[in-house]
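Colleague: First the structure, which I've put down as structure tokens, then a few questions once you've had a look.
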Amino acid sequence: MYTIPHLVLPRIPGLERIDTYCAHGGYQAYRKALTMTPEQVIEEVKKSGLRGRGGACFPTGLKWSFMPKGNDKPKYLAVNGDESEPGSFKDRQIFEYNPHQLIEGILIAGYAMGISKAFIYIRGEYHKWIRSMECALQEAYDRGFVGKKMIETFGGDYWIDIVVHKGAGAYICGEETALMNSLEGDRGYPRYKPPFPAQKGLWGMPTTINNVETIATVPVIITLGGDQYASIGAQGHPGTLLYGLSGHINNPGVYELPTDVLLTDLIYTYGGGVTGNKKVKAVIPGGSSMPPLRGDEIENVVMNNEDLKKYGTFIGTAGVIVMNEDTDIPRVLLRIVHFYHHESCGQCTPCREGCGWMEKILKRIVDGDATGEDLDLLLSVANQIEGNTICALGDAAAWPVQGFLKKFWDDFAARVKPRRTFVPLNVVHGRRASKDILLPT
Ligand SMILES: Cc1cc2nc3c(=O)[nH]c(=O)nc-3n(C[C@H](O)[C@H](O)[C@H](O)COP(=O)(O)O)c2cc1C
Ligand code: SF4
């Protein structure tokens with residue numbers, strides 16, 4: 001068993017209220033950060049090895065260091081709480097149970113990068129969690145922990161405003177550049193990169209976009225120090241993650257565990273095993289866009305990005321979806337692809353058309369109307385989407401198709417008709433018996 005450090009979701013009743021949070025050392029990390037220079041704060045985050053929790057695992061300290069220095073322009077922070085990847089439901093736990101740690105993380109990130117305004121972008125369907133975040137933010141403003149009054153409360157000359165912004169329920173608005181368009185009041189269309197947000201972000205100004213869990217981890221790093229944080233979990237991808245367990249699992253839920261946890265421990269020790277005591281057929285390790293693991297390869301899998309790469313997949317958002325031995329794999333893939341097809345913003349042809357084609361082919365497979373050629377065609381469409389689109393939604397649709405076909409080819413092959421045999425058409429033309437024709441003399 002592991003010693004389980006609960007860093008982002010400590011088990012303290014009432015922690016969502018500012019008094020309880022302060023009674024347990026809340027807002028002390030920000031006070032500590034103020035004793036350091038902004039560069040030192042960024043250095044500490046770099047040392048911690050913290051990687052973004054929004055899916056791409058980008059090193060957070062490095063991202064922060066891309067922000068230009070100086071205060072000649074306003075700079076923004078957008079905290080990404082769109083959380084729409086199927087299988088991911090961790091950020092809402094922070095909104096509900098530890099919102100002040102997120103606010104404190106924003107203060108520290110803001111101080112480190114010289115941010116004047118931060119937005120917490122929350123997916124539109126999260127009514128309850130939007131309310132809990134708004135409540136916590138109001139408490140923080142009332143106490144003088146956010147806004148101009150921060151100068152009186154904490155000293156120094158830094159202050160920041162924070163706004164909770166409701167999304168309108170589109171998966172694509174979680175993509176960082178689409179999120180910025182959405183915040184500006186435009187349609188959530190992803191933008192071309194470069195320029196990157198740190199160069200030209202919200203309203204053309206330098207902007208950093210980080211996931212909710214990423215920012216909520218920052219106060220812990222400042223409290224513990226980067227080196228100590230880096231010693232928790234796996235070396236290449238340190239810390240704890242909020243693993244969201246769902247699917248055929250007895251105890252689904254969010255579990256905060258170090259990144260060196262075994263997948264089998266997640267499933268059997270923490271998740272209470274597979275429902276009906278069935279065997280595992282497949283596991284998606286990090287939200288629906290990540291390629292799956294086969295049931296026969298999950299032994300010894302360590303749940304962090306570096307270790308998962310050995311199995312051709314990634315940690316993504318750590319949304320772990322368990323599927324038992326009775327799972328209809330082609331149907332699962334059809335459901336996943338339907339989602340990405342539905343959520344494609346339609347700007348680029350490979351994603352807009354390709355997702356539709358993949359859905360149609362998968363429907364044929366599931367309905368028993370497909371032939372062997374359809375499997376090759378499906379793979380070829382996925383290969384042509386990957387890497388050829390403006391944003392990574394195209395990849396998010398292609399990866400599960402490539403991954404499921406690679407690891408479960410037999411499940412698909414069993415559903416298709418034998419390869420079509422061609423009966424050559426008679427293309428020759430024989431001379432017709434013609435009526436007597438009077439040729440001109
Ligand atoms: C289609 C799509 C949807 C995304 N949705 C989310 C999301 O809901 N939440 C999130 O934090 N990141 C999401 N991302 C990743 C963001 O673009 C961005 O990389 C992330 O917010 C950066 O934060 P991090 O560095 O802290 O991980 C999405 C990316 C894509 C391509
Ligand atoms: S990849 Fe898809 S979602 Fe992203 S910009 Fe292109 S069409 Fe839109």
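Residues in the structure tokens are numbered from 1 in each chain, the chains being A, B, ... in the order shown, and ligands are numbered from 1 in the order shown.
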Could you give me, as CSV, every chain A residue with an atom at most 9 Å from ligand 1, plus its closest atom pair and distance in Å to one decimal, counting only C-alpha atoms and all ligand atoms, rows ordered by chain then number?
Modeller:
residue,atom,partner,partner_atom_place_in_ligand_line,distance
A:Arg51,CA,ligand 1,25 (O),6.7
A:Gly52,CA,ligand 1,27 (O),3.2
A:Arg53,CA,ligand 1,27 (O),4.2
A:Gly54,CA,ligand 1,27 (O),3.3
A:Gly55,CA,ligand 1,27 (O),5.5
A:Ala56,CA,ligand 1,19 (O),5.7
A:Cys57,CA,ligand 1,27 (O),5.7
A:Phe58,CA,ligand 1,25 (O),5.3
A:Pro59,CA,ligand 1,25 (O),7.0
A:Thr60,CA,ligand 1,25 (O),6.0
A:Lys63,CA,ligand 1,25 (O),7.4
A:Ala78,CA,ligand 1,21 (O),8.5
A:Val79,CA,ligand 1,21 (O),7.3
A:Asn80,CA,ligand 1,11 (O),4.5
A:Gly81,CA,ligand 1,9 (N),5.4
A:Asp82,CA,ligand 1,8 (O),3.9
A:Glu83,CA,ligand 1,8 (O),3.5
A:Ser84,CA,ligand 1,8 (O),4.9
A:Glu85,CA,ligand 1,8 (O),6.1
A:Ser88,CA,ligand 1,8 (O),8.6
A:Asp91,CA,ligand 1,9 (N),8.6
A:Ile122,CA,ligand 1,8 (O),8.8
A:Arg123,CA,ligand 1,8 (O),7.9
A:Tyr171,CA,ligand 1,3 (C),5.9
A:Ile172,CA,ligand 1,1 (C),4.7
A:Cys173,CA,ligand 1,3 (C),6.6
A:Gly174,CA,ligand 1,5 (N),3.3
A:Glu175,CA,ligand 1,17 (O),3.6
A:Glu176,CA,ligand 1,17 (O),3.9
A:Thr177,CA,ligand 1,17 (O),7.0
A:Ala178,CA,ligand 1,17 (O),8.3
A:Leu179,CA,ligand 1,17 (O),8.2
A:Pro190,CA,ligand 1,31 (C),8.7
A:Thr208,CA,ligand 1,22 (C),8.4
A:Ile209,CA,ligand 1,22 (C),5.3
A:Asn210,CA,ligand 1,23 (O),3.4
A:Asn211,CA,ligand 1,11 (O),3.7
A:Val212,CA,ligand 1,11 (O),6.4
A:Glu213,CA,ligand 1,26 (O),7.3
A:Thr214,CA,ligand 1,26 (O),4.9
A:Ile215,CA,ligand 1,26 (O),7.1
A:Thr317,CA,ligand 1,10 (C),8.1
A:Tyr340,CA,ligand 1,1 (C),8.7
A:Glu343,CA,ligand 1,1 (C),8.4
A:Ser344,CA,ligand 1,1 (C),8.3
A:Cys391,CA,ligand 1,31 (C),5.6
A:Ala392,CA,ligand 1,31 (C),4.0
A:Leu393,CA,ligand 1,1 (C),4.1
A:Gly394,CA,ligand 1,1 (C),7.9
A:Asp395,CA,ligand 1,31 (C),8.0
A:Ala396,CA,ligand 1,1 (C),7.0
Colleague: Output C-alpha atoms for every residue in the selection just made, as a tab-separated table (two decimals), in the first residue's frame.
Modeller:
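Output file out04.tsv follows:
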chain	number	residue	atom	x	y	z
A	51	ARG	CA	3.19	19.14	-15.61
A	52	GLY	CA	-0.14	20.46	-16.80
A	53	ARG	CA	-3.15	18.42	-15.80
A	54	GLY	CA	-5.27	19.49	-18.79
A	55	GLY	CA	-4.14	16.56	-20.94
A	56	ALA	CA	-0.93	17.49	-22.72
A	57	CYS	CA	1.37	17.26	-19.65
A	58	PHE	CA	3.30	20.40	-20.64
A	59	PRO	CA	5.80	21.54	-17.93
A	60	THR	CA	4.07	24.36	-16.04
A	63	LYS	CA	5.04	27.62	-19.77
A	78	ALA	CA	-7.25	31.74	-18.06
A	79	VAL	CA	-7.93	28.80	-15.77
A	80	ASN	CA	-9.40	26.01	-17.86
A	81	GLY	CA	-12.35	24.35	-16.14
A	82	ASP	CA	-14.20	23.34	-19.29
A	83	GLU	CA	-13.74	19.67	-18.36
A	84	SER	CA	-15.65	18.09	-21.22
A	85	GLU	CA	-13.46	15.13	-22.14
A	88	SER	CA	-13.00	13.33	-16.86
A	91	ASP	CA	-11.86	19.60	-11.70
A	122	ILE	CA	-16.16	26.69	-16.18
A	123	ARG	CA	-18.19	24.45	-18.46
A	171	TYR	CA	-16.20	20.56	-25.84
A	172	ILE	CA	-14.07	22.57	-28.25
A	173	CYS	CA	-14.08	25.54	-25.85
A	174	GLY	CA	-11.66	23.56	-23.66
A	175	GLU	CA	-9.03	23.88	-26.39
A	176	GLU	CA	-6.99	26.84	-25.20
A	177	THR	CA	-7.34	29.11	-28.23
A	178	ALA	CA	-11.05	28.33	-28.68
A	179	LEU	CA	-11.44	29.12	-24.97
A	190	PRO	CA	-9.50	27.34	-32.35
A	208	THR	CA	-1.30	31.82	-19.93
A	209	ILE	CA	-3.83	29.01	-19.94
A	210	ASN	CA	-3.66	26.35	-17.26
A	211	ASN	CA	-5.94	23.60	-16.08
A	212	VAL	CA	-7.78	23.91	-12.72
A	213	GLU	CA	-5.87	21.03	-11.11
A	214	THR	CA	-2.54	22.46	-12.30
A	215	ILE	CA	-3.19	25.81	-10.62
A	317	THR	CA	-6.67	13.84	-17.97
A	340	TYR	CA	-15.81	13.87	-31.61
A	343	GLU	CA	-18.03	18.33	-31.26
A	344	SER	CA	-15.85	19.12	-34.31
A	391	CYS	CA	-6.20	21.95	-33.23
A	392	ALA	CA	-5.77	18.64	-31.45
A	393	LEU	CA	-9.46	17.66	-31.60
A	394	GLY	CA	-8.62	15.93	-34.87
A	395	ASP	CA	-5.91	13.90	-33.11
A	396	ALA	CA	-8.28	13.24	-30.21
Colleague: Tell me, as a compact mmCIF listing (two decimals) with N, CA and C atoms, in the first residue's frame, which residues lie within 12 Å of Lys69 of chain A, counting only C-alpha atoms; anything in the same chain fewer than 5 positions away does not count.
Modeller:
# COMPACT_ATOMS: atom_id res chain seq x y z
N PRO A 38 9.28 37.09 -8.27
CA PRO A 38 8.49 36.32 -9.25
C PRO A 38 9.35 35.26 -9.95
N GLU A 39 10.58 35.59 -10.28
CA GLU A 39 11.47 34.62 -10.97
C GLU A 39 11.73 33.41 -10.08
N TRP A 64 5.11 29.11 -17.85
CA TRP A 64 5.06 30.42 -17.20
C TRP A 64 6.22 31.31 -17.65
N PRO A 74 -1.35 44.72 -20.32
CA PRO A 74 -2.06 43.82 -19.39
C PRO A 74 -1.75 42.37 -19.75
N LYS A 75 -1.66 41.52 -18.73
CA LYS A 75 -1.42 40.09 -18.98
C LYS A 75 -2.54 39.32 -18.30
N TYR A 111 1.10 36.48 -9.40
CA TYR A 111 2.26 37.22 -8.90
C TYR A 111 3.51 36.85 -9.71
N ALA A 112 3.67 35.55 -9.98
CA ALA A 112 4.87 35.08 -10.69
C ALA A 112 4.93 35.64 -12.11
N MET A 113 3.77 35.79 -12.76
CA MET A 113 3.78 36.21 -14.17
C MET A 113 3.36 37.67 -14.37
N GLY A 114 3.02 38.36 -13.27
CA GLY A 114 2.58 39.76 -13.38
C GLY A 114 1.23 39.88 -14.07
N ILE A 115 0.31 38.99 -13.70
CA ILE A 115 -1.03 38.95 -14.32
C ILE A 115 -1.93 39.98 -13.65
N ALA A 198 1.08 33.08 -25.08
CA ALA A 198 1.98 33.96 -24.31
C ALA A 198 2.43 35.16 -25.15
N GLN A 199 2.39 35.00 -26.49
CA GLN A 199 2.75 36.13 -27.36
C GLN A 199 1.51 36.98 -27.65
N PRO A 206 -0.54 39.11 -23.82
CA PRO A 206 0.07 37.85 -23.34
C PRO A 206 -0.85 37.13 -22.35
Colleague: Hey, what's within 12 Å of Asp369 of chain A if we count only C-alpha atoms and toss same-chain stuff fewer than 3 positions away? As a compact mmCIF listing (two decimals) with C-alpha atoms, in the first residue's frame, please?
Modeller:
# COMPACT_ATOMS: atom_id res chain seq x y z
CA LYS A 360 -20.24 6.12 -40.89
CA ILE A 361 -17.74 3.29 -41.34
CA LEU A 362 -18.00 2.31 -37.67
CA LYS A 363 -21.78 2.31 -37.93
CA ARG A 364 -21.48 -0.11 -40.86
CA ILE A 365 -19.15 -2.30 -38.78
CA VAL A 366 -21.47 -2.32 -35.77
CA GLY A 372 -12.73 -6.11 -44.63
CA GLU A 373 -11.86 -3.13 -46.81
CA ASP A 374 -13.76 -0.91 -44.42
CA LEU A 375 -11.26 -1.64 -41.65
CA ALA A 414 -15.12 -10.63 -36.50
CA ARG A 415 -17.84 -8.09 -37.31
CA VAL A 416 -17.16 -7.61 -41.00
CA LYS A 417 -18.19 -9.63 -44.02
CA PRO A 418 -15.40 -11.39 -45.89
CA ARG A 419 -13.44 -9.21 -48.23
CA ARG A 420 -15.41 -8.45 -51.34
Colleague: Between A:Trp203, A:Tyr270, A:Phe339, A:Tyr76, which has the minimum distance to ligand 2 (counting only C-alpha atoms and all ligand atoms)?
Modeller: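 Selected residue with least distance to ligand 2: A:Phe339.
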Colleague: Looking at A:Ala234, A:Ile321, A:Thr264, A:Ala370, which one is nearest to Ile298 of chain A, with distances taken over only C-alpha atoms?
Modeller: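 Looking at the shortest contact to Ile298 of chain A, the residue is A:Thr264.
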Colleague: Taking only C-alpha atoms into account, name the residue in A:Met323, A:Ile336, A:Lys407, A:Ala23 that is nearest to Tyr311 of chain A.
Modeller: A:Lys407
Colleague: DSSP on the backbone: what in segment 103-158 of chain A comes out strand (DSSP E), as a ChimeraX atom specification?
Modeller: /A:117-122
Colleague: Write out as a list in words each polymer residue whose atoms come within 12 Å of Leu308 of chain A, counting only C-alpha atoms; drop sequence neighbours fewer than 4 positions from it.
Modeller: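 Contacts, with the query itself left out: Ala234, Gly236, His237, Thr259, Asp260, Val261, Leu262, Leu263, Val283, Ile284, Pro285, Gly286, Met290, Pro291, Pro292, Leu293, Glu297, Ile298, Asn300, Val301, Val302, Met303, Asn304, Gly312, Thr313, Phe314, Ile315, Gly316 and Ala318 of chain A.
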Colleague: Between atom CA of Gln402 of chain A and atom CA of His341 of chain A, what is the distance, to one decimal in Å?
Modeller: 15.7 Å
Colleague: Taking 5 positions as the minimum chain separation for residues in the same chain, which residues sit within 9 Å of Leu266 of chain A when counting only C-alpha atoms? Answer as JSON, numbers by chain.
Modeller: {"A": [243, 245, 255, 257, 261, 271, 272, 273, 303]}
Colleague: Given only C-alpha atoms as the basis, pick out the residue of A:Ala413, A:Val8, A:Val401, A:Val322 nearest to Gly368 of chain A.
Modeller: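 Using only C-alpha atoms, Gly368 of chain A sits closest to A:Ala413.
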Colleague: Among the residues of segment 270-411 of chain A, find those DSSP assigns to alpha helix (DSSP H) from the backbone and print them as a ChimeraX atom specification.
Modeller: /A:305-309,329-343,349-367,372-385,393-407,409-411
Colleague: Closest to Ser289 of chain A among A:Val320, A:Asp328, A:Lys148, A:Lys128, using only C-alpha atoms?
Modeller: A:Val320
Colleague: Using only C-alpha atoms and all ligand atoms, which of A:His165, A:Lys200, A:Arg187, A:Arg352 sits nearest ligand 2?
Modeller: A:Arg352
Colleague: For atom CA of Ile94 of chain A and atom CA of Thr240 of chain A, determine how far apart the two atoms are, in Å to one decimal place.
Modeller: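 Atom CA of Ile94 of chain A sits 14.0 Å away from atom CA of Thr240 of chain A.
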Colleague: With only C-alpha atoms as the counted atoms, please give the residues lying no more than 7 Å from Pro238 of chain A, apart from itself and same-chain residues fewer than 4 positions off, as a ChimeraX atom specification.
Modeller: /A:49-50,230-234,259
